[in-house]
Amino acid sequence: MSELVIEKVWKEYGDQIVLEDVSLTVASRAFVALVGPSGCGKSTFLRMLLGQERPTRGTILLDGQALPQEPGPDRGVVFQRYSVFPHLTVLGNVLLGRELSASRYKAKLFGTARRNAIDEARRLIAEVGLSGAEGKYPAQLSGGMQQRLALAQALIMKPKVLLLDEPFGALDPGIRAEIHTLMKRLWHETQMTVVMVTHDMREAFTLATRVVAFERKRDRPEEKERYGATITKDISIWPPRLAGAPSVFSPDRDGPVISLGLRRDDPASSPSGEKP
Ligand SMILES: Nc1ncnc2c1ncn2[C@@H]1O[C@H](COP(=O)(O)OP(=O)(O)OP(=O)(O)O)[C@@H](O)[C@H]1O
Ligand SMILES: [Mg+2]
């Protein structure tokens, strides 16, 4: 389970109202694409889901529990750039989360625990298509490879919720299409609920189960600071896409491709639908 319930959330920075009265329920295993004009608060909203920012008013619940006041392993994140650490190798980047959670201060694993974590990291690196690059540094990778690495880095912690802030926005169209296929496969094969900010409508409709638009209802210059953005459109994709289930209408496009071995031992792993 990984249901998000956002209730009457407002976010203000000083006198500026960025988001007003945002309510949204995201079903477990949904893939929500957030779209909206630049500056309307999409990244701010994502940072609140991550726990980096707190709502000024309102509540955010993950599986019925108030979100902890700081980022945690149940929420993974990939930004457009700079999600990975430049001074660590590919393997080091993927291992980092495990090392930090084992020992917050030393960031080291030992013995069998270390060997197991390395095996898992290598498997994940292969699954995102980076086999052979384990010893390279991010500066030695292309943009597409860096984003694949960022995905592997987030996935090793098996997050309940994966938050993506324009993760593929800087990639060439060809590379972007490849990484879309990967993203879709990861979504089908894991138990994650995904919330992705994008400027690309095509990307939104290619990947998501639901497309949510944020907009300011009043947008004259003198009104900008006094009125925040809120949800103005909420479109469920038709025919419906279900995590882990091939689409009746286009099985090749929407179905799980191969087993990634990423499934959690979660008894509630049956495909779940999308709530409107
Ligand atoms: N930490 C902060 N302090 C003050 N104002 C902020 C802060 N973070 C964001 N803002 C303001 O909140 C508004 C929304 O910013 P945000 O980055 O969430 O927009 P966005 O929708 O992600 O835009 P873009 O599509 O360009 O990435 C902006 O006016 C921004 O200046
Ligand atoms: Mg943004």
# chains A, B, ... in the order shown; residues from 1 in each chain; ligands from 1
call {"tool": "closest_atom_pairs", "arguments": {"of": "range 11-35 of chain A", "to": "range 228-249 of chain A", "cutoff": "7 Å", "atoms": "only C-alpha atoms", "output": "CSV"}}
result
residue,atom,partner,partner_atom,distance
A:Ile17,CA,A:Gly228,CA,4.8
A:Val18,CA,A:Gly228,CA,4.4
A:Leu19,CA,A:Gly228,CA,4.3
A:Glu20,CA,A:Gly228,CA,5.0
A:Asp21,CA,A:Thr230,CA,6.5
A:Val22,CA,A:Thr230,CA,5.5
A:Arg29,CA,A:Ala243,CA,6.3
call {"tool": "write_last_selection", "arguments": {"atoms": "N, CA and C atoms", "output": "mmCIF file, in the first residue's frame"}}
result
data_model
loop_
_atom_site.group_PDB
_atom_site.id
_atom_site.type_symbol
_atom_site.label_atom_id
_atom_site.label_comp_id
_atom_site.auth_asym_id
_atom_site.auth_seq_id
_atom_site.Cartn_x
_atom_site.Cartn_y
_atom_site.Cartn_z
ATOM 1 N N ILE A 17 1.417 33.654 -1.801
ATOM 2 C CA ILE A 17 0.674 32.387 -1.755
ATOM 3 C C ILE A 17 1.046 31.598 -3.001
ATOM 4 N N VAL A 18 1.656 30.444 -2.809
ATOM 5 C CA VAL A 18 2.086 29.651 -3.971
ATOM 6 C C VAL A 18 1.017 28.618 -4.337
ATOM 7 N N LEU A 19 0.547 27.895 -3.344
ATOM 8 C CA LEU A 19 -0.499 26.893 -3.598
ATOM 9 C C LEU A 19 -1.660 27.160 -2.667
ATOM 10 N N GLU A 20 -2.880 27.021 -3.169
ATOM 11 C CA GLU A 20 -4.018 27.214 -2.278
ATOM 12 C C GLU A 20 -5.011 26.079 -2.401
ATOM 13 N N ASP A 21 -5.398 25.579 -1.263
ATOM 14 C CA ASP A 21 -6.490 24.625 -1.166
ATOM 15 C C ASP A 21 -6.353 23.446 -2.141
ATOM 16 N N VAL A 22 -5.210 22.769 -2.066
ATOM 17 C CA VAL A 22 -4.980 21.621 -2.946
ATOM 18 C C VAL A 22 -5.404 20.347 -2.219
ATOM 19 N N ARG A 29 -0.084 2.657 -6.102
ATOM 20 C CA ARG A 29 0.430 2.206 -7.399
ATOM 21 C C ARG A 29 -0.051 3.040 -8.592
#
call {"tool": "select_by_dssp", "arguments": {"residues": "range 59-261 of chain A", "states": "strand (DSSP E or B)", "output": "PDB file with N, CA and C atoms, in the first residue's frame"}}
result
ATOM      1  N   THR A  59      -3.049  18.954   5.439  1.00  0.00           N
ATOM      2  CA  THR A  59      -2.335  17.732   5.848  1.00  0.00           C
ATOM      3  C   THR A  59      -1.996  16.862   4.640  1.00  0.00           C
ATOM      4  N   ILE A  60      -0.918  16.110   4.795  1.00  0.00           N
ATOM      5  CA  ILE A  60      -0.539  15.110   3.791  1.00  0.00           C
ATOM      6  C   ILE A  60      -0.363  13.784   4.528  1.00  0.00           C
ATOM      7  N   LEU A  61      -1.094  12.777   4.082  1.00  0.00           N
ATOM      8  CA  LEU A  61      -1.024  11.460   4.726  1.00  0.00           C
ATOM      9  C   LEU A  61      -0.483  10.440   3.736  1.00  0.00           C
ATOM     10  N   LEU A  62       0.414   9.577   4.221  1.00  0.00           N
ATOM     11  CA  LEU A  62       0.873   8.438   3.429  1.00  0.00           C
ATOM     12  C   LEU A  62       0.389   7.187   4.154  1.00  0.00           C
ATOM     13  N   GLN A  65      -0.988   7.829   7.614  1.00  0.00           N
ATOM     14  CA  GLN A  65      -0.110   8.424   8.637  1.00  0.00           C
ATOM     15  C   GLN A  65       0.380   9.783   8.147  1.00  0.00           C
ATOM     16  N   ALA A  66       0.457  10.738   9.066  1.00  0.00           N
ATOM     17  CA  ALA A  66       1.007  12.044   8.691  1.00  0.00           C
ATOM     18  C   ALA A  66       2.437  11.850   8.204  1.00  0.00           C
ATOM     19  N   ARG A  75      10.255   7.476   0.631  1.00  0.00           N
ATOM     20  CA  ARG A  75      10.039   8.359  -0.514  1.00  0.00           C
ATOM     21  C   ARG A  75      11.354   8.593  -1.256  1.00  0.00           C
ATOM     22  N   GLY A  76      11.389   8.127  -2.505  1.00  0.00           N
ATOM     23  CA  GLY A  76      12.584   8.334  -3.331  1.00  0.00           C
ATOM     24  C   GLY A  76      12.361   9.523  -4.234  1.00  0.00           C
ATOM     25  N   VAL A  77      13.449  10.129  -4.686  1.00  0.00           N
ATOM     26  CA  VAL A  77      13.270  11.318  -5.527  1.00  0.00           C
ATOM     27  C   VAL A  77      14.327  11.355  -6.624  1.00  0.00           C
ATOM     28  N   VAL A  78      13.907  11.811  -7.806  1.00  0.00           N
ATOM     29  CA  VAL A  78      14.850  12.058  -8.904  1.00  0.00           C
ATOM     30  C   VAL A  78      14.536  13.440  -9.467  1.00  0.00           C
ATOM     31  N   PHE A  79      15.548  14.315  -9.469  1.00  0.00           N
ATOM     32  CA  PHE A  79      15.375  15.654 -10.025  1.00  0.00           C
ATOM     33  C   PHE A  79      15.861  15.688 -11.472  1.00  0.00           C
ATOM     34  N   VAL A 161       6.880   5.559  -2.451  1.00  0.00           N
ATOM     35  CA  VAL A 161       6.492   6.631  -3.371  1.00  0.00           C
ATOM     36  C   VAL A 161       7.743   7.129  -4.071  1.00  0.00           C
ATOM     37  N   LEU A 162       7.674   7.203  -5.401  1.00  0.00           N
ATOM     38  CA  LEU A 162       8.787   7.752  -6.168  1.00  0.00           C
ATOM     39  C   LEU A 162       8.365   9.118  -6.705  1.00  0.00           C
ATOM     40  N   LEU A 163       9.151  10.139  -6.381  1.00  0.00           N
ATOM     41  CA  LEU A 163       8.837  11.506  -6.783  1.00  0.00           C
ATOM     42  C   LEU A 163       9.824  11.922  -7.866  1.00  0.00           C
ATOM     43  N   LEU A 164       9.308  12.375  -8.989  1.00  0.00           N
ATOM     44  CA  LEU A 164      10.157  12.705 -10.134  1.00  0.00           C
ATOM     45  C   LEU A 164       9.897  14.147 -10.541  1.00  0.00           C
ATOM     46  N   ASP A 165      10.932  14.991 -10.512  1.00  0.00           N
ATOM     47  CA  ASP A 165      10.751  16.394 -10.900  1.00  0.00           C
ATOM     48  C   ASP A 165      11.423  16.643 -12.245  1.00  0.00           C
ATOM     49  N   THR A 193       4.077   3.924  -5.935  1.00  0.00           N
ATOM     50  CA  THR A 193       3.202   4.978  -6.435  1.00  0.00           C
ATOM     51  C   THR A 193       4.135   6.071  -6.957  1.00  0.00           C
ATOM     52  N   VAL A 194       3.838   6.598  -8.140  1.00  0.00           N
ATOM     53  CA  VAL A 194       4.749   7.569  -8.744  1.00  0.00           C
ATOM     54  C   VAL A 194       4.037   8.912  -8.918  1.00  0.00           C
ATOM     55  N   VAL A 195       4.720   9.995  -8.528  1.00  0.00           N
ATOM     56  CA  VAL A 195       4.225  11.344  -8.834  1.00  0.00           C
ATOM     57  C   VAL A 195       5.334  12.048  -9.614  1.00  0.00           C
ATOM     58  N   MET A 196       5.035  12.435 -10.855  1.00  0.00           N
ATOM     59  CA  MET A 196       6.047  13.001 -11.743  1.00  0.00           C
ATOM     60  C   MET A 196       5.628  14.372 -12.256  1.00  0.00           C
ATOM     61  N   VAL A 197       6.515  15.357 -12.058  1.00  0.00           N
ATOM     62  CA  VAL A 197       6.282  16.677 -12.658  1.00  0.00           C
ATOM     63  C   VAL A 197       6.875  16.665 -14.054  1.00  0.00           C
ATOM     64  N   ARG A 210      -2.897   9.100 -14.634  1.00  0.00           N
ATOM     65  CA  ARG A 210      -3.739  10.266 -14.327  1.00  0.00           C
ATOM     66  C   ARG A 210      -2.912  11.525 -14.517  1.00  0.00           C
ATOM     67  N   VAL A 211      -3.487  12.531 -15.145  1.00  0.00           N
ATOM     68  CA  VAL A 211      -2.764  13.782 -15.378  1.00  0.00           C
ATOM     69  C   VAL A 211      -3.480  14.893 -14.600  1.00  0.00           C
ATOM     70  N   VAL A 212      -2.725  15.555 -13.717  1.00  0.00           N
ATOM     71  CA  VAL A 212      -3.302  16.594 -12.867  1.00  0.00           C
ATOM     72  C   VAL A 212      -2.649  17.933 -13.229  1.00  0.00           C
ATOM     73  N   ALA A 213      -3.475  18.941 -13.503  1.00  0.00           N
ATOM     74  CA  ALA A 213      -2.928  20.255 -13.876  1.00  0.00           C
ATOM     75  C   ALA A 213      -3.094  21.237 -12.733  1.00  0.00           C
ATOM     76  N   PHE A 214      -2.019  21.975 -12.436  1.00  0.00           N
ATOM     77  CA  PHE A 214      -2.047  23.066 -11.455  1.00  0.00           C
ATOM     78  C   PHE A 214      -2.087  24.371 -12.232  1.00  0.00           C
ATOM     79  N   GLU A 215      -2.890  25.304 -11.766  1.00  0.00           N
ATOM     80  CA  GLU A 215      -2.940  26.611 -12.419  1.00  0.00           C
ATOM     81  C   GLU A 215      -3.443  27.646 -11.432  1.00  0.00           C
ATOM     82  N   ARG A 216      -3.018  28.895 -11.649  1.00  0.00           N
ATOM     83  CA  ARG A 216      -3.596  29.983 -10.859  1.00  0.00           C
ATOM     84  C   ARG A 216      -4.893  30.394 -11.519  1.00  0.00           C
ATOM     85  N   ALA A 229      -1.808  28.709  -6.898  1.00  0.00           N
ATOM     86  CA  ALA A 229      -2.303  27.765  -7.893  1.00  0.00           C
ATOM     87  C   ALA A 229      -3.064  26.660  -7.176  1.00  0.00           C
ATOM     88  N   THR A 230      -3.980  26.064  -7.898  1.00  0.00           N
ATOM     89  CA  THR A 230      -4.699  24.920  -7.357  1.00  0.00           C
ATOM     90  C   THR A 230      -4.969  23.940  -8.494  1.00  0.00           C
ATOM     91  N   ILE A 231      -5.615  22.827  -8.185  1.00  0.00           N
ATOM     92  CA  ILE A 231      -5.856  21.833  -9.244  1.00  0.00           C
ATOM     93  C   ILE A 231      -7.008  22.304 -10.119  1.00  0.00           C
ATOM     94  N   THR A 232      -6.724  22.438 -11.413  1.00  0.00           N
ATOM     95  CA  THR A 232      -7.771  22.896 -12.322  1.00  0.00           C
ATOM     96  C   THR A 232      -8.245  21.793 -13.261  1.00  0.00           C
ATOM     97  N   LYS A 233      -7.434  20.762 -13.422  1.00  0.00           N
ATOM     98  CA  LYS A 233      -7.859  19.620 -14.265  1.00  0.00           C
ATOM     99  C   LYS A 233      -7.336  18.341 -13.634  1.00  0.00           C
ATOM    100  N   ASP A 234      -8.119  17.290 -13.778  1.00  0.00           N
ATOM    101  CA  ASP A 234      -7.730  15.994 -13.219  1.00  0.00           C
ATOM    102  C   ASP A 234      -8.269  14.937 -14.183  1.00  0.00           C
ATOM    103  N   ILE A 235      -7.387  14.436 -15.020  1.00  0.00           N
ATOM    104  CA  ILE A 235      -7.831  13.560 -16.116  1.00  0.00           C
ATOM    105  C   ILE A 235      -7.316  12.143 -15.882  1.00  0.00           C
ATOM    106  N   SER A 236      -8.225  11.190 -15.793  1.00  0.00           N
ATOM    107  CA  SER A 236      -7.805   9.783 -15.723  1.00  0.00           C
ATOM    108  C   SER A 236      -7.621   9.278 -17.139  1.00  0.00           C
ATOM    109  N   LEU A 242      -3.185  -0.066 -15.557  1.00  0.00           N
ATOM    110  CA  LEU A 242      -3.067  -0.614 -14.204  1.00  0.00           C
ATOM    111  C   LEU A 242      -1.671  -1.149 -14.003  1.00  0.00           C
ATOM    112  N   ALA A 245      -0.491  -4.913 -14.784  1.00  0.00           N
ATOM    113  CA  ALA A 245      -1.444  -5.596 -15.658  1.00  0.00           C
ATOM    114  C   ALA A 245      -1.329  -5.057 -17.074  1.00  0.00           C
TER     115      ALA A 245
END
call {"tool": "residues_around", "arguments": {"residues": "Thr198 in chain A", "least_positions_apart": "2", "cutoff": "7 Å", "atoms": "only C-alpha atoms", "output": "count of residues only"}}
result
8
call {"tool": "closest_atom_pairs", "arguments": {"of": "chain A", "to": "ligand 2", "cutoff": "10 Å", "atoms": "only C-alpha atoms and all ligand atoms", "output": "CSV"}}
result
residue,atom,partner,partner_atom_place_in_ligand_line,distance
A:Val35,CA,ligand 2,1 (Mg),9.9
A:Gly36,CA,ligand 2,1 (Mg),9.6
A:Pro37,CA,ligand 2,1 (Mg),9.4
A:Ser38,CA,ligand 2,1 (Mg),6.9
A:Gly39,CA,ligand 2,1 (Mg),6.9
A:Cys40,CA,ligand 2,1 (Mg),8.3
A:Gly41,CA,ligand 2,1 (Mg),6.9
A:Lys42,CA,ligand 2,1 (Mg),5.5
A:Ser43,CA,ligand 2,1 (Mg),4.1
A:Thr44,CA,ligand 2,1 (Mg),7.3
A:Phe45,CA,ligand 2,1 (Mg),9.2
A:Leu46,CA,ligand 2,1 (Mg),8.8
A:Arg47,CA,ligand 2,1 (Mg),9.8
A:Phe79,CA,ligand 2,1 (Mg),9.3
A:Gln80,CA,ligand 2,1 (Mg),9.1
A:Asp165,CA,ligand 2,1 (Mg),6.7
A:Glu166,CA,ligand 2,1 (Mg),7.5
A:Val197,CA,ligand 2,1 (Mg),7.5
A:Thr198,CA,ligand 2,1 (Mg),8.6
A:His199,CA,ligand 2,1 (Mg),9.2
call {"tool": "select_by_dssp", "arguments": {"residues": "range 9-187 of chain A", "states": "helix (DSSP H, G or I)", "output": "MDAnalysis selection string"}}
result
chainID A and resid 42:50 90:102 111:127 138:140 143:155 173:187
call {"tool": "residues_around", "arguments": {"residues": "range 135-140 of chain A", "least_positions_apart": "6", "cutoff": "6 Å", "atoms": "only C-alpha atoms", "output": "PyMOL selection string"}}
result
chain A and resi 86+89-90
call {"tool": "residues_around", "arguments": {"residues": "Met1 in chain A", "least_positions_apart": "2", "cutoff": "8 Å", "atoms": "only C-alpha atoms", "output": "CSV table (one decimal) with C-alpha atoms, in the first residue's frame"}}
result
chain,number,residue,atom,x,y,z
A,3,GLU,CA,-1.8,5.8,-0.9
A,28,SER,CA,-1.7,3.0,-4.3
A,29,ARG,CA,0.4,2.2,-7.4
A,63,ASP,CA,-1.1,5.3,4.1
A,160,LYS,CA,6.7,3.4,-1.4
A,191,GLN,CA,4.9,-1.6,-5.8
A,268,ALA,CA,-1.1,-6.8,-1.3
call {"tool": "closest_residue", "arguments": {"among": "A:Ser142, A:Met48, A:Thr190, A:Val32", "to": "ligand 1", "atoms": "only C-alpha atoms and all ligand atoms"}}
result
A:Met48
call {"tool": "atom_distance", "arguments": {"atom1": "CA of Ala113 in chain A", "atom2": "CA of Ala126 in chain A"}}
result
20.1 Å
